[in-house]
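Just below is one structure, and these are the notes that go with it.
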Amino acid sequence: MPEVVYMQHPLIKHKITMLRQESTGTSEFRKLVEEIAMLMGYEALADLPLRDAEIRTPIEDTIQPVLDGKKPAVVPILRAGLGMVGGILALIPNAKVGHIGMYRDEETHKPHPYYCKLPPFIEDRLVLVVDPMLATGGSMIDAVAEIKKQGGRHIRCMCIVAAPDGVEAFTKAHPDVQLYVGVLDRCLNDRCYICPGLGDAGDRIFGTK
Ligand code: PRP
Ligand code: URA
């Protein structure tokens, strides 16, 4: 079973603290989410496969490494996951992008799927599922289940802030999927919001509060 990877880089820690602050406005929040996603993506993609390619420099012919295999797919969970896509595309500009629509019922806190469109040949791609928040874990658990149902086999998940309940539920539901977490918070409150957390990530990214 893959161990959950918790980010240790000081830049990620600092930017997450800025993200948490109530005084951080929409444009700064969006920028931070994208930057954190890029820094986390750098770690989560550190073992991408390479192959040798023949190229020509201005000096001579040479054999050098390039990325191998089908282009990875980044799959944000709507809405808030959309805020992380730009950060991953900054690393892999030609990655494919899928979308999974999921919202949490405000009363039951259970996820409800409303959209799913994945790139073709999903079974041959590294799939990076992104969502800033892992609270109960329900949304990420169902999103990964849907990707597996459609054939996805090489799946990794990235969230910026996680609650212990969400990490436990996710690793139990998908012990084969590597989870990358920016920071592990204390607990969930009675509305299943992460504490201390950062509030409603979707509302803060899109200014819909
Ligand atoms: C938030 C967040 C996750 C989910 C996490 O989305 O972006 O998708 O809640 O909670 P869970 O781990 O308990 O499932 P939300 O449902 O608020 O939708 P939104 O992104 O459209 O605001
Ligand atoms: N979704 C959010 O956006 N924030 C939380 O704290 C929990 C779920």
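If you're wondering about the labels, chains in the structure tokens are A, B, ... by order shown, residues count from 1 in each chain, ligands from 1 in order shown.
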Please identify all protein, DNA and RNA residues within 10 Å of ligand 1, counting only C-alpha atoms and all ligand atoms, and report them as a ChimeraX atom specification.
/A:76-83,100-106,108-113,130-143,159,161-163,165-167,169-170,188,191-194,199-206,208-209
Pick out the residues sitting within 10 Å of A:Glu34, and hand them over as a PyMOL selection string; count only C-alpha atoms, and ignore anything fewer than 6 positions along from it in its own chain.
chain A and resi 28+40+82-90
Counting only C-alpha atoms and all ligand atoms, the residue of A:Ala145, A:Thr171, A:Asp124, A:Arg20 that sits nearest ligand 2:
A:Arg20
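If you look at atom CA of A:Asp190 and atom CA of A:Ala173, they are 22.9 Å away from each other.
Proximity of A:Leu126, A:Ala37, A:Val97, A:Leu184 to A:Arg153, computed with only C-alpha atoms, is greatest for A:Leu126.
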Considering only C-alpha atoms, return as a PyMOL selection string whatever protein or nucleic-acid residues lie within 9 Å of A:Pro119, sequence-local ones (same chain, fewer than 6 positions apart) excluded.
chain A and resi 73+96-98
May I have the selected residues written with N, CA, C and O atoms, as a tab-separated table (two decimals), in the first residue's frame?
```
chain	number	residue	atom	x	y	z
A	73	ALA	N	-2.90	12.73	-17.87
A	73	ALA	CA	-4.17	13.46	-17.81
A	73	ALA	C	-4.31	14.08	-16.43
A	73	ALA	O	-4.06	13.41	-15.42
A	96	LYS	N	-3.41	16.09	-21.12
A	96	LYS	CA	-4.84	16.11	-21.42
A	96	LYS	C	-5.58	16.54	-20.15
A	96	LYS	O	-5.06	16.34	-19.04
A	97	VAL	N	-6.78	17.09	-20.32
A	97	VAL	CA	-7.55	17.51	-19.15
A	97	VAL	C	-8.93	16.87	-19.19
A	97	VAL	O	-9.66	17.01	-20.17
A	98	GLY	N	-9.26	16.10	-18.13
A	98	GLY	CA	-10.61	15.57	-17.97
A	98	GLY	C	-11.32	16.39	-16.91
A	98	GLY	O	-10.71	17.23	-16.25
```
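For the pair atom CA of A:Cys157 and atom CA of A:Gly25, the separation is 26.5 Å.
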Give me, as an MDAnalysis selection string, the residues of chain A that a backbone DSSP run labels strand (DSSP E).
chainID A and resid 5:6 50:56 61:67 73:78 96:97 99:104 111:117 126:130 133:134 154:162 178:184 187:188 194:195
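Candidate residues A:Cys187, A:Ile59, A:Ala44, A:Val5 were compared for distance to ligand 2, and the nearest is A:Cys187, using only C-alpha atoms and all ligand atoms.
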